[in-house]
>>> print(open('query_37.cif').read())   # mmCIF, C-alpha atoms and all ligand atoms
data_protein
loop_
_atom_site.group_PDB
_atom_site.id
_atom_site.type_symbol
_atom_site.label_atom_id
_atom_site.label_comp_id
_atom_site.auth_asym_id
_atom_site.auth_seq_id
_atom_site.Cartn_x
_atom_site.Cartn_y
_atom_site.Cartn_z
ATOM 1 C CA MET A 1 191.466 18.949 49.898
ATOM 2 C CA ALA A 2 194.724 20.836 49.367
ATOM 3 C CA TYR A 3 196.015 23.568 51.688
ATOM 4 C CA ASN A 4 198.966 24.874 49.666
ATOM 5 C CA LEU A 5 201.220 23.841 52.538
ATOM 6 C CA LEU A 6 204.240 23.369 50.285
ATOM 7 C CA LYS A 7 203.736 26.284 47.911
ATOM 8 C CA GLY A 8 207.113 27.423 46.561
ATOM 9 C CA LYS A 9 209.034 24.551 48.178
ATOM 10 C CA ARG A 10 211.581 22.457 46.286
ATOM 11 C CA GLY A 11 212.139 18.814 47.164
ATOM 12 C CA ILE A 12 213.671 15.439 46.391
ATOM 13 C CA ILE A 13 211.597 12.264 46.781
ATOM 14 C CA THR A 14 213.379 8.911 46.632
ATOM 15 C CA GLY A 15 211.978 5.390 46.581
ATOM 16 C CA ALA A 16 208.833 5.479 44.413
ATOM 17 C CA LEU A 17 208.785 2.133 42.613
ATOM 18 C CA ASP A 18 205.098 1.715 41.751
ATOM 19 C CA GLU A 19 201.695 3.000 42.860
ATOM 20 C CA LYS A 20 201.883 0.930 46.064
ATOM 21 C CA SER A 21 205.097 2.673 47.229
ATOM 22 C CA ILE A 22 204.755 5.095 50.135
ATOM 23 C CA ALA A 23 206.959 7.558 48.198
ATOM 24 C CA TRP A 24 204.543 7.430 45.252
ATOM 25 C CA HIS A 25 201.754 8.778 47.467
ATOM 26 C CA VAL A 26 204.082 11.348 49.016
ATOM 27 C CA ALA A 27 204.937 12.650 45.535
ATOM 28 C CA LEU A 28 201.262 13.014 44.562
ATOM 29 C CA LYS A 29 200.437 14.822 47.823
ATOM 30 C CA CYS A 30 203.454 17.120 47.552
ATOM 31 C CA LYS A 31 202.373 18.057 44.041
ATOM 32 C CA GLU A 32 198.828 18.698 45.259
ATOM 33 C CA GLU A 33 200.225 20.940 48.029
ATOM 34 C CA GLY A 34 202.130 23.116 45.572
ATOM 35 C CA ALA A 35 205.710 21.771 45.769
ATOM 36 C CA THR A 36 208.086 21.173 42.895
ATOM 37 C CA PHE A 37 210.454 18.232 43.258
ATOM 38 C CA THR A 38 212.576 15.646 41.511
ATOM 39 C CA LEU A 39 212.127 11.897 41.855
ATOM 40 C CA SER A 40 214.916 9.412 42.334
ATOM 41 C CA ASN A 41 215.426 5.685 42.507
ATOM 42 C CA ALA A 42 218.183 3.129 41.939
ATOM 43 C CA PRO A 43 218.860 2.664 38.207
ATOM 44 C CA VAL A 44 217.688 -0.961 38.314
ATOM 45 C CA ALA A 45 214.382 0.058 39.912
ATOM 46 C CA MET A 46 213.931 2.721 37.246
ATOM 47 C CA ARG A 47 214.033 0.027 34.597
ATOM 48 C CA MET A 48 211.641 -2.321 36.411
ATOM 49 C CA GLY A 49 209.263 0.109 38.093
ATOM 50 C CA LYS A 50 206.757 2.682 36.926
ATOM 51 C CA ILE A 51 208.493 5.818 38.153
ATOM 52 C CA GLN A 52 208.391 7.511 34.720
ATOM 53 C CA GLU A 53 204.595 7.315 34.899
ATOM 54 C CA LEU A 54 204.695 9.152 38.219
ATOM 55 C CA ALA A 55 207.153 11.734 36.857
ATOM 56 C CA LYS A 56 204.709 12.494 34.060
ATOM 57 C CA ALA A 57 201.815 12.917 36.491
ATOM 58 C CA CYS A 58 203.957 15.224 38.640
ATOM 59 C CA ASN A 59 205.412 17.096 35.694
ATOM 60 C CA THR A 60 208.941 16.376 36.821
ATOM 61 C CA GLU A 61 212.067 14.355 36.079
ATOM 62 C CA VAL A 62 213.645 11.227 37.472
ATOM 63 C CA ILE A 63 217.310 11.307 38.448
ATOM 64 C CA GLY A 64 218.797 7.844 38.866
ATOM 65 C CA ALA A 65 220.864 7.354 42.025
ATOM 66 C CA ASP A 66 222.007 4.316 43.935
ATOM 67 C CA ALA A 67 221.670 5.689 47.470
ATOM 68 C CA THR A 68 224.784 3.815 48.599
ATOM 69 C CA VAL A 69 227.023 5.634 46.077
ATOM 70 C CA LEU A 70 228.270 9.079 47.115
ATOM 71 C CA GLU A 71 228.810 10.312 43.542
ATOM 72 C CA ASP A 72 225.233 9.378 42.634
ATOM 73 C CA ILE A 73 223.914 11.345 45.611
ATOM 74 C CA GLU A 74 226.074 14.355 44.690
ATOM 75 C CA ASN A 75 224.706 14.229 41.171
ATOM 76 C CA LEU A 76 221.152 13.937 42.509
ATOM 77 C CA TYR A 77 221.473 17.110 44.579
ATOM 78 C CA LYS A 78 223.299 19.102 41.908
ATOM 79 C CA LYS A 79 220.849 18.180 39.149
ATOM 80 C CA SER A 80 217.853 18.776 41.441
ATOM 81 C CA GLU A 81 219.071 22.267 42.361
ATOM 82 C CA GLU A 82 219.608 23.001 38.695
ATOM 83 C CA LEU A 83 216.198 21.707 37.594
ATOM 84 C CA LEU A 84 214.251 23.235 40.479
ATOM 85 C CA GLY A 85 216.142 26.515 40.473
ATOM 86 C CA GLY A 86 217.511 26.763 44.002
ATOM 87 C CA LYS A 87 218.331 25.096 47.289
ATOM 88 C CA ILE A 88 216.297 22.089 48.448
ATOM 89 C CA ASP A 89 213.601 22.546 51.118
ATOM 90 C CA PHE A 90 212.678 18.914 51.737
ATOM 91 C CA VAL A 91 214.056 15.422 51.179
ATOM 92 C CA LEU A 92 212.295 12.064 51.569
ATOM 93 C CA HIS A 93 214.462 8.979 52.125
ATOM 94 C CA SER A 94 212.088 6.096 51.358
ATOM 95 C CA ILE A 95 214.645 3.367 50.754
ATOM 96 C CA GLY A 96 214.929 -0.084 52.245
ATOM 97 C CA MET A 97 216.155 -3.508 51.179
ATOM 98 C CA SER A 98 217.557 -6.575 52.886
ATOM 99 C CA PRO A 99 219.003 -9.388 50.784
ATOM 100 C CA ASN A 100 218.654 -11.676 53.830
ATOM 101 C CA VAL A 101 214.914 -10.949 54.062
ATOM 102 C CA ARG A 102 214.476 -11.127 50.329
ATOM 103 C CA LYS A 103 216.147 -14.534 50.151
ATOM 104 C CA GLY A 104 214.353 -15.875 53.230
ATOM 105 C CA LYS A 105 217.509 -16.404 55.331
ATOM 106 C CA ASP A 106 216.872 -17.514 58.889
ATOM 107 C CA TYR A 107 218.040 -15.051 61.603
ATOM 108 C CA GLY A 108 220.371 -17.754 62.938
ATOM 109 C CA ASP A 109 221.945 -18.245 59.529
ATOM 110 C CA LEU A 110 222.427 -14.741 58.146
ATOM 111 C CA ASN A 111 224.837 -13.974 55.347
ATOM 112 C CA TYR A 112 227.043 -11.187 56.768
ATOM 113 C CA ASP A 113 227.905 -9.647 53.408
ATOM 114 C CA TRP A 114 224.174 -9.289 52.848
ATOM 115 C CA PHE A 115 223.743 -7.961 56.386
ATOM 116 C CA MET A 116 226.233 -5.191 55.510
ATOM 117 C CA LYS A 117 224.239 -4.505 52.349
ATOM 118 C CA SER A 118 221.004 -4.217 54.339
ATOM 119 C CA ILE A 119 222.633 -1.661 56.640
ATOM 120 C CA ASP A 120 224.278 0.239 53.770
ATOM 121 C CA ILE A 121 221.111 0.481 51.644
ATOM 122 C CA SER A 122 218.560 0.946 54.427
ATOM 123 C CA ALA A 123 220.468 3.058 56.971
ATOM 124 C CA LEU A 124 223.917 4.370 55.968
ATOM 125 C CA SER A 125 222.405 5.766 52.778
ATOM 126 C CA PHE A 126 220.489 8.187 55.032
ATOM 127 C CA HIS A 127 223.751 9.399 56.583
ATOM 128 C CA LYS A 128 225.254 9.659 53.104
ATOM 129 C CA MET A 129 222.340 11.773 51.890
ATOM 130 C CA LEU A 130 222.715 14.086 54.891
ATOM 131 C CA GLN A 131 226.505 14.338 54.737
ATOM 132 C CA VAL A 132 226.579 15.041 51.010
ATOM 133 C CA ALA A 133 223.856 17.673 51.469
ATOM 134 C CA GLU A 134 225.932 19.366 54.152
ATOM 135 C CA LYS A 135 229.123 19.284 52.066
ATOM 136 C CA LEU A 136 227.371 20.699 49.006
ATOM 137 C CA ASP A 137 225.425 23.181 51.158
ATOM 138 C CA CYS A 138 222.380 22.449 49.027
ATOM 139 C CA LEU A 139 219.652 22.503 51.702
ATOM 140 C CA SER A 140 217.855 25.728 52.525
ATOM 141 C CA GLU A 141 217.755 27.147 56.069
ATOM 142 C CA GLY A 142 215.036 25.270 58.005
ATOM 143 C CA ALA A 143 214.762 22.462 55.426
ATOM 144 C CA SER A 144 213.094 19.198 56.462
ATOM 145 C CA VAL A 145 214.586 15.723 55.911
ATOM 146 C CA LEU A 146 212.562 12.583 56.586
ATOM 147 C CA ALA A 147 213.206 8.851 56.474
ATOM 148 C CA LEU A 148 210.707 6.037 56.929
ATOM 149 C CA SER A 149 211.150 3.561 59.756
ATOM 150 C CA TYR A 150 209.352 0.666 61.411
ATOM 151 C CA ILE A 151 208.684 -0.265 65.045
ATOM 152 C CA ALA A 152 210.913 -3.348 64.699
ATOM 153 C CA ALA A 153 213.679 -0.870 65.657
ATOM 154 C CA GLN A 154 212.287 -0.989 69.222
ATOM 155 C CA ARG A 155 210.412 -4.302 69.443
ATOM 156 C CA THR A 156 211.112 -7.739 68.056
ATOM 157 C CA PHE A 157 209.319 -8.947 64.960
ATOM 158 C CA PRO A 158 211.219 -12.151 64.102
ATOM 159 C CA ASP A 159 210.629 -12.119 60.339
ATOM 160 C CA TYR A 160 211.904 -8.533 60.041
ATOM 161 C CA SER A 161 215.395 -10.000 60.569
ATOM 162 C CA ASP A 162 218.398 -7.682 59.965
ATOM 163 C CA MET A 163 216.080 -4.866 58.851
ATOM 164 C CA ALA A 164 215.388 -4.341 62.572
ATOM 165 C CA GLN A 165 219.049 -3.431 63.079
ATOM 166 C CA ALA A 166 219.008 -1.252 59.960
ATOM 167 C CA LYS A 167 215.980 0.709 61.253
ATOM 168 C CA ALA A 168 217.612 1.158 64.685
ATOM 169 C CA VAL A 169 220.669 2.663 62.947
ATOM 170 C CA LEU A 170 218.442 4.804 60.715
ATOM 171 C CA GLU A 171 216.628 6.299 63.713
ATOM 172 C CA SER A 172 219.906 6.905 65.517
ATOM 173 C CA ILE A 173 221.282 8.755 62.478
ATOM 174 C CA ALA A 174 218.208 11.026 62.550
ATOM 175 C CA ARG A 175 219.051 11.972 66.147
ATOM 176 C CA SER A 176 222.794 12.482 65.603
ATOM 177 C CA TYR A 177 222.547 14.334 62.288
ATOM 178 C CA GLY A 178 219.443 16.160 63.489
ATOM 179 C CA GLU A 179 221.457 17.773 66.275
ATOM 180 C CA ARG A 180 224.254 18.725 63.874
ATOM 181 C CA PHE A 181 222.038 20.107 61.104
ATOM 182 C CA ALA A 182 219.832 22.041 63.556
ATOM 183 C CA ARG A 183 222.934 23.810 64.856
ATOM 184 C CA LEU A 184 224.325 24.438 61.379
ATOM 185 C CA LYS A 185 221.213 25.472 59.458
ATOM 186 C CA LYS A 186 218.065 24.847 61.486
ATOM 187 C CA VAL A 187 217.478 21.802 59.273
ATOM 188 C CA ARG A 188 215.041 19.277 60.788
ATOM 189 C CA VAL A 189 215.810 15.549 60.579
ATOM 190 C CA ASN A 190 213.151 13.013 61.621
ATOM 191 C CA THR A 191 211.967 9.478 60.991
ATOM 192 C CA ILE A 192 208.345 8.419 60.608
ATOM 193 C CA SER A 193 207.589 4.951 61.944
ATOM 194 C CA GLN A 194 204.832 3.692 59.681
ATOM 195 C CA SER A 195 202.256 0.879 60.079
ATOM 196 C CA PRO A 196 202.703 -2.281 57.981
ATOM 197 C CA THR A 197 201.823 -1.234 54.427
ATOM 198 C CA ALA A 198 201.274 -3.564 51.462
ATOM 199 C CA THR A 199 204.148 -2.433 49.212
ATOM 200 C CA THR A 200 206.885 -4.403 47.436
ATOM 201 C CA ALA A 201 209.263 -3.943 50.396
ATOM 202 C CA GLY A 202 206.518 -4.563 52.984
ATOM 203 C CA THR A 203 205.064 -7.739 51.512
ATOM 204 C CA GLY A 204 208.593 -9.108 51.017
ATOM 205 C CA VAL A 205 208.786 -9.677 54.787
ATOM 206 C CA GLY A 206 207.705 -13.219 55.740
ATOM 207 C CA GLY A 207 204.275 -13.443 57.387
ATOM 208 C CA PHE A 208 203.363 -9.904 56.236
ATOM 209 C CA ASP A 209 199.601 -10.566 56.085
ATOM 210 C CA ALA A 210 199.539 -11.963 59.621
ATOM 211 C CA PHE A 211 201.494 -9.157 61.244
ATOM 212 C CA SER A 212 199.617 -6.538 59.269
ATOM 213 C CA ASP A 213 196.278 -8.031 60.447
ATOM 214 C CA TYR A 214 197.618 -8.240 63.997
ATOM 215 C CA ALA A 215 198.761 -4.570 63.911
ATOM 216 C CA ASN A 216 195.366 -3.594 62.556
ATOM 217 C CA MET A 217 193.596 -5.377 65.424
ATOM 218 C CA MET A 218 195.943 -3.813 67.981
ATOM 219 C CA SER A 219 195.658 -0.238 66.672
ATOM 220 C CA PRO A 220 192.628 1.728 67.912
ATOM 221 C CA LEU A 221 192.611 3.698 64.645
ATOM 222 C CA GLY A 222 193.587 0.697 62.526
ATOM 223 C CA ASN A 223 196.685 0.543 60.320
ATOM 224 C CA ALA A 224 197.753 3.825 58.741
ATOM 225 C CA SER A 225 197.632 3.742 54.936
ATOM 226 C CA ALA A 226 200.344 4.958 52.549
ATOM 227 C CA GLU A 227 198.092 7.938 51.674
ATOM 228 C CA ALA A 228 197.795 8.905 55.336
ATOM 229 C CA CYS A 229 201.572 8.583 55.671
ATOM 230 C CA ALA A 230 201.925 10.949 52.717
ATOM 231 C CA ASP A 231 199.725 13.501 54.527
ATOM 232 C CA TYR A 232 201.987 13.276 57.568
ATOM 233 C CA CYS A 233 205.090 13.734 55.387
ATOM 234 C CA VAL A 234 203.547 16.883 53.888
ATOM 235 C CA VAL A 235 203.001 18.337 57.362
ATOM 236 C CA MET A 236 206.581 17.488 58.312
ATOM 237 C CA PHE A 237 207.889 19.175 55.156
ATOM 238 C CA SER A 238 205.748 22.260 55.790
ATOM 239 C CA ASP A 239 206.525 25.341 57.876
ATOM 240 C CA LEU A 240 204.038 24.128 60.513
ATOM 241 C CA THR A 241 206.620 21.813 62.085
ATOM 242 C CA LYS A 242 209.693 24.064 62.211
ATOM 243 C CA MET A 243 210.553 23.041 65.787
ATOM 244 C CA VAL A 244 210.234 19.270 65.364
ATOM 245 C CA THR A 245 213.554 17.502 64.961
ATOM 246 C CA MET A 246 215.543 14.386 66.021
ATOM 247 C CA GLN A 247 212.264 12.500 66.563
ATOM 248 C CA ASN A 248 211.009 9.083 65.646
ATOM 249 C CA LEU A 249 207.364 9.883 64.965
ATOM 250 C CA TYR A 250 204.911 7.006 65.174
ATOM 251 C CA HIS A 251 202.348 6.989 62.403
ATOM 252 C CA ASP A 252 200.639 3.753 63.308
ATOM 253 C CA GLY A 253 197.037 4.307 64.431
ATOM 254 C CA GLY A 254 198.113 4.013 68.079
ATOM 255 C CA PHE A 255 199.815 0.596 67.802
ATOM 256 C CA SER A 256 203.017 1.666 69.585
ATOM 257 C CA CYS A 257 201.155 2.567 72.810
ATOM 258 C CA MET A 258 198.997 -0.553 73.042
ATOM 259 C CA GLY A 259 199.471 -3.553 75.322
ATOM 260 C CA ILE A 260 196.459 -5.553 74.210
ATOM 261 C CA SER A 261 193.237 -4.591 72.456
ATOM 262 C CA PRO A 262 189.637 -5.762 72.938
ATOM 263 C CA GLN A 263 189.756 -7.253 69.425
ATOM 264 C CA VAL A 264 192.762 -9.399 70.280
ATOM 265 C CA VAL A 265 191.204 -10.435 73.622
ATOM 266 C CA GLU A 266 188.034 -11.464 71.803
ATOM 267 C CA ARG A 267 189.989 -13.382 69.179
ATOM 268 C CA LEU A 268 191.983 -15.293 71.822
ATOM 269 C CA SER A 269 189.107 -15.918 74.266
ATOM 270 C CA LYS A 270 187.832 -19.449 74.281
HETATM 271 N N1 LIG B 301 205.766 -1.209 53.736
HETATM 272 C C1 LIG B 301 205.847 -1.222 55.051
HETATM 273 O O1 LIG B 301 205.201 -2.029 55.734
HETATM 274 C C2 LIG B 301 206.741 -0.232 55.739
HETATM 275 C C3 LIG B 301 206.540 0.060 57.101
HETATM 276 C C4 LIG B 301 207.396 0.948 57.734
HETATM 277 C C5 LIG B 301 208.440 1.530 57.010
HETATM 278 N N2 LIG B 301 208.610 1.219 55.686
HETATM 279 C C6 LIG B 301 209.733 1.819 54.975
HETATM 280 O O2 LIG B 301 209.255 2.668 53.973
HETATM 281 C C7 LIG B 301 210.290 2.845 52.995
HETATM 282 C C8 LIG B 301 209.698 2.704 51.604
HETATM 283 O O3 LIG B 301 209.294 1.374 51.379
HETATM 284 P P1 LIG B 301 207.899 0.965 50.716
HETATM 285 O O4 LIG B 301 207.151 0.181 51.733
HETATM 286 O O5 LIG B 301 207.262 2.128 50.078
HETATM 287 O O6 LIG B 301 208.357 -0.110 49.627
HETATM 288 P P2 LIG B 301 208.928 0.042 48.125
HETATM 289 O O7 LIG B 301 209.440 -1.310 47.792
HETATM 290 O O8 LIG B 301 207.880 0.597 47.243
HETATM 291 O O9 LIG B 301 210.114 1.097 48.272
HETATM 292 C C9 LIG B 301 211.433 0.751 48.614
HETATM 293 C C10 LIG B 301 212.314 1.510 47.654
HETATM 294 O O10 LIG B 301 213.707 1.405 47.983
HETATM 295 C C11 LIG B 301 214.384 1.519 46.736
HETATM 296 N N3 LIG B 301 215.794 1.093 46.832
HETATM 297 C C12 LIG B 301 216.274 -0.132 47.156
HETATM 298 N N4 LIG B 301 217.617 -0.135 47.071
HETATM 299 C C13 LIG B 301 217.993 1.131 46.700
HETATM 300 C C14 LIG B 301 219.236 1.757 46.463
HETATM 301 N N5 LIG B 301 220.394 1.088 46.596
HETATM 302 N N6 LIG B 301 219.254 3.056 46.097
HETATM 303 C C15 LIG B 301 218.098 3.763 45.946
HETATM 304 N N7 LIG B 301 216.887 3.212 46.174
HETATM 305 C C16 LIG B 301 216.835 1.917 46.526
HETATM 306 C C17 LIG B 301 213.564 0.584 45.854
HETATM 307 O O11 LIG B 301 213.874 0.712 44.477
HETATM 308 C C18 LIG B 301 212.161 1.016 46.201
HETATM 309 O O12 LIG B 301 211.713 2.059 45.370
HETATM 310 C C19 LIG B 301 211.379 1.833 53.341
HETATM 311 O O13 LIG B 301 212.396 2.456 54.095
HETATM 312 C C20 LIG B 301 210.620 0.854 54.219
HETATM 313 O O14 LIG B 301 211.466 0.107 55.075
HETATM 314 C C21 LIG B 301 207.777 0.371 55.039
#
>>> encode(input="query_37.cif", output="structure tokens", more="lines below")
Ligand SMILES: NC(=O)c1ccc[n+]([C@@H]2O[C@H](COP(=O)([O-])OP(=O)(O)OC[C@H]3O[C@@H](n4cnc5c(N)ncnc54)[C@H](O)[C@@H]3O)[C@@H](O)[C@H]2O)c1
Amino acid sequence: MAYNLLKGKRGIITGALDEKSIAWHVALKCKEEGATFTLSNAPVAMRMGKIQELAKACNTEVIGADATVLEDIENLYKKSEELLGGKIDFVLHSIGMSPNVRKGKDYGDLNYDWFMKSIDISALSFHKMLQVAEKLDCLSEGASVLALSYIAAQRTFPDYSDMAQAKAVLESIARSYGERFARLKKVRVNTISQSPTATTAGTGVGGFDAFSDYANMMSPLGNASAEACADYCVVMFSDLTKMVTMQNLYHDGGFSCMGISPQVVERLSK
């Protein structure tokens, strides 16, 4: 059921690779709720993924941008304003990649050039998107900017490797830039900390099935799906959350507040 929560709003949604991507679901929900928006992904992902299919379904265009390249981000904002006909009301940063995770490097044997890449792609790109937006003055008053995080920023999940550091930086950027942008333009900046979700990025982490099953057993509501995450993003982009900023918002079925669950006790009881 749609509520027209985003009627008249203009947005930018990054990171939709295929129908499993969280951003893919966010785009479909935003369309359903009355928003117009552009889609963006790294040029290489545009060639490999299915984003054009999504653009067709959403009646929009894809603007290629490597989120680590300032000129690409500038172009993304300028073209989006042009296509959508005004300043941007919401932005989704749904971007993450670690070469160390992808290549199965052990945490005691990380490649530091790749570590820097993980941080640049998964965290600094968020700062870049915010800083370029400020410099171009392309966000509307009270706009909402979101990035997606994971609880490995606070707790240790060994296979998450250097992505844990990237998510900690990402969440810190939301707090620092959130303060600045609130003062400047009442812009809200938040991160949503999502349950394990079976996407290309998610399943690339070693032991994904086990820690997803474990999270599901530990969460009283079970793991949150990508569709449910999209619903939460819509609410955060809407005018119903005008006073929420600088937060890391858990969207995890209760996982983050649990110590142990009856299901886990039962599983471990002899
Ligand atoms: N899947 C999970 O379990 C989970 C849980 C919590 C948070 N997240 C986060 O959600 C976000 C979206 O990931 P997803 O799970 O939908 O997986 P996904 O693989 O579908 O999306 C990741 C996206 O990042 C894009 N990307 C990578 N490098 C880029 C670059 N240089 N410039 C622009 N885009 C680039 C990829 O092309 C891809 O579209 C990520 O930040 C991820 O860390 C995922």
>>> closest_residue(input="query_37.cif", among="A:Ala143, A:Ile63, A:Leu170, A:Ala164", to="A:Asn248", atoms="all atoms listed in the file")
A:Leu170
>>> resolve_selection(input="query_37.cif", expression="the PyMOL selection byres (((not hetatm)) within 7 of (chain B and resi 301))", output="number ranges by chain")
A: 14-18, 20-23, 41-42, 45, 65-68, 94-97, 121-122, 147-150, 193-203
>>> atom_distance(input="query_37.cif", atom1="atom CA of A:Ser80", atom2="atom CA of A:Ile192")
23.8 Å
>>> closest_residue(input="query_37.cif", among="A:Val169, A:Leu184, A:Met163, A:Met236", to="A:Trp114", atoms="only C-alpha atoms")
A:Met163
>>> axis_aligned_box(input="query_37.cif", around="stretch 62-71 of chain A", padding_each_side="3 Å", output="JSON")
{"center_x": 221.2, "center_y": 7.6, "center_z": 43.0, "size_x": 21.2, "size_y": 13.5, "size_z": 17.1}
>>> residues_around(input="query_37.cif", residues="A:Glu171", least_positions_apart="2", cutoff="12 Å", atoms="only C-alpha atoms", output="MDAnalysis selection string")
chainID A and resid 122:124 126:127 146:154 164:169 173:178 189:193 245:250
>>> resolve_selection(input="query_37.cif", expression="the PyMOL selection byres (((chain A and resi 159) around 9) and not hetatm)", output="PyMOL selection string")
chain A and resi 101+104+106-107+156-158+160-162+205-208
>>> residues_around(input="query_37.cif", residues="A:Met243", least_positions_apart="4", cutoff="10 Å", atoms="all atoms listed in the file", output="ChimeraX atom specification")
/A:142,182,186-188,239
>>> atom_distance(input="query_37.cif", atom1="atom CA of A:Pro220", atom2="atom CA of A:Val235")
22.2 Å
>>> atom_distance(input="query_37.cif", atom1="atom CA of A:Met217", atom2="atom CA of A:Gln263")
5.9 Å
>>> closest_residue(input="query_37.cif", among="A:Val91, A:Ala57, A:Leu70, A:Met116", to="A:Lys135", atoms="all atoms listed in the file")
A:Leu70
>>> resolve_selection(input="query_37.cif", expression="the PyMOL selection byres (((chain A and resi 233) around 9) and not hetatm)", output="list of chain:residue names")
A:Val26, A:Lys29, A:Cys30, A:Leu92, A:Leu146, A:Ile192, A:Ala228, A:Cys229, A:Ala230, A:Asp231, A:Tyr232, A:Val234, A:Val235, A:Met236, A:Phe237, A:Ser238
>>> write_last_selection(input="query_37.cif", atoms="C-alpha atoms", output="compact mmCIF listing (two decimals), keeping the file's coordinate frame")
# COMPACT_ATOMS: atom_id res chain seq x y z
CA VAL A 26 204.08 11.35 49.02
CA LYS A 29 200.44 14.82 47.82
CA CYS A 30 203.45 17.12 47.55
CA LEU A 92 212.30 12.06 51.57
CA LEU A 146 212.56 12.58 56.59
CA ILE A 192 208.34 8.42 60.61
CA ALA A 228 197.80 8.90 55.34
CA CYS A 229 201.57 8.58 55.67
CA ALA A 230 201.92 10.95 52.72
CA ASP A 231 199.72 13.50 54.53
CA TYR A 232 201.99 13.28 57.57
CA VAL A 234 203.55 16.88 53.89
CA VAL A 235 203.00 18.34 57.36
CA MET A 236 206.58 17.49 58.31
CA PHE A 237 207.89 19.18 55.16
CA SER A 238 205.75 22.26 55.79
>>> residues_around(input="query_37.cif", residues="A:Ile73", least_positions_apart="4", cutoff="10 Å", atoms="only C-alpha atoms", output="number ranges by chain")
A: 40, 63-69, 77-79, 125, 128-133
>>> closest_residue(input="query_37.cif", among="A:Glu134, A:Asp89, A:Asp252, A:Glu53", to="A:Leu221", atoms="only C-alpha atoms")
A:Asp252
>>> residues_around(input="query_37.cif", residues="A:Asn4", least_positions_apart="3", cutoff="6 Å", atoms="all atoms listed in the file", output="number ranges by chain")
A: 7, 33-34
>>> closest_residue(input="query_37.cif", among="A:Ile119, A:Cys58, A:Met258, A:Met46", to="A:Ala27", atoms="all atoms listed in the file")
A:Cys58
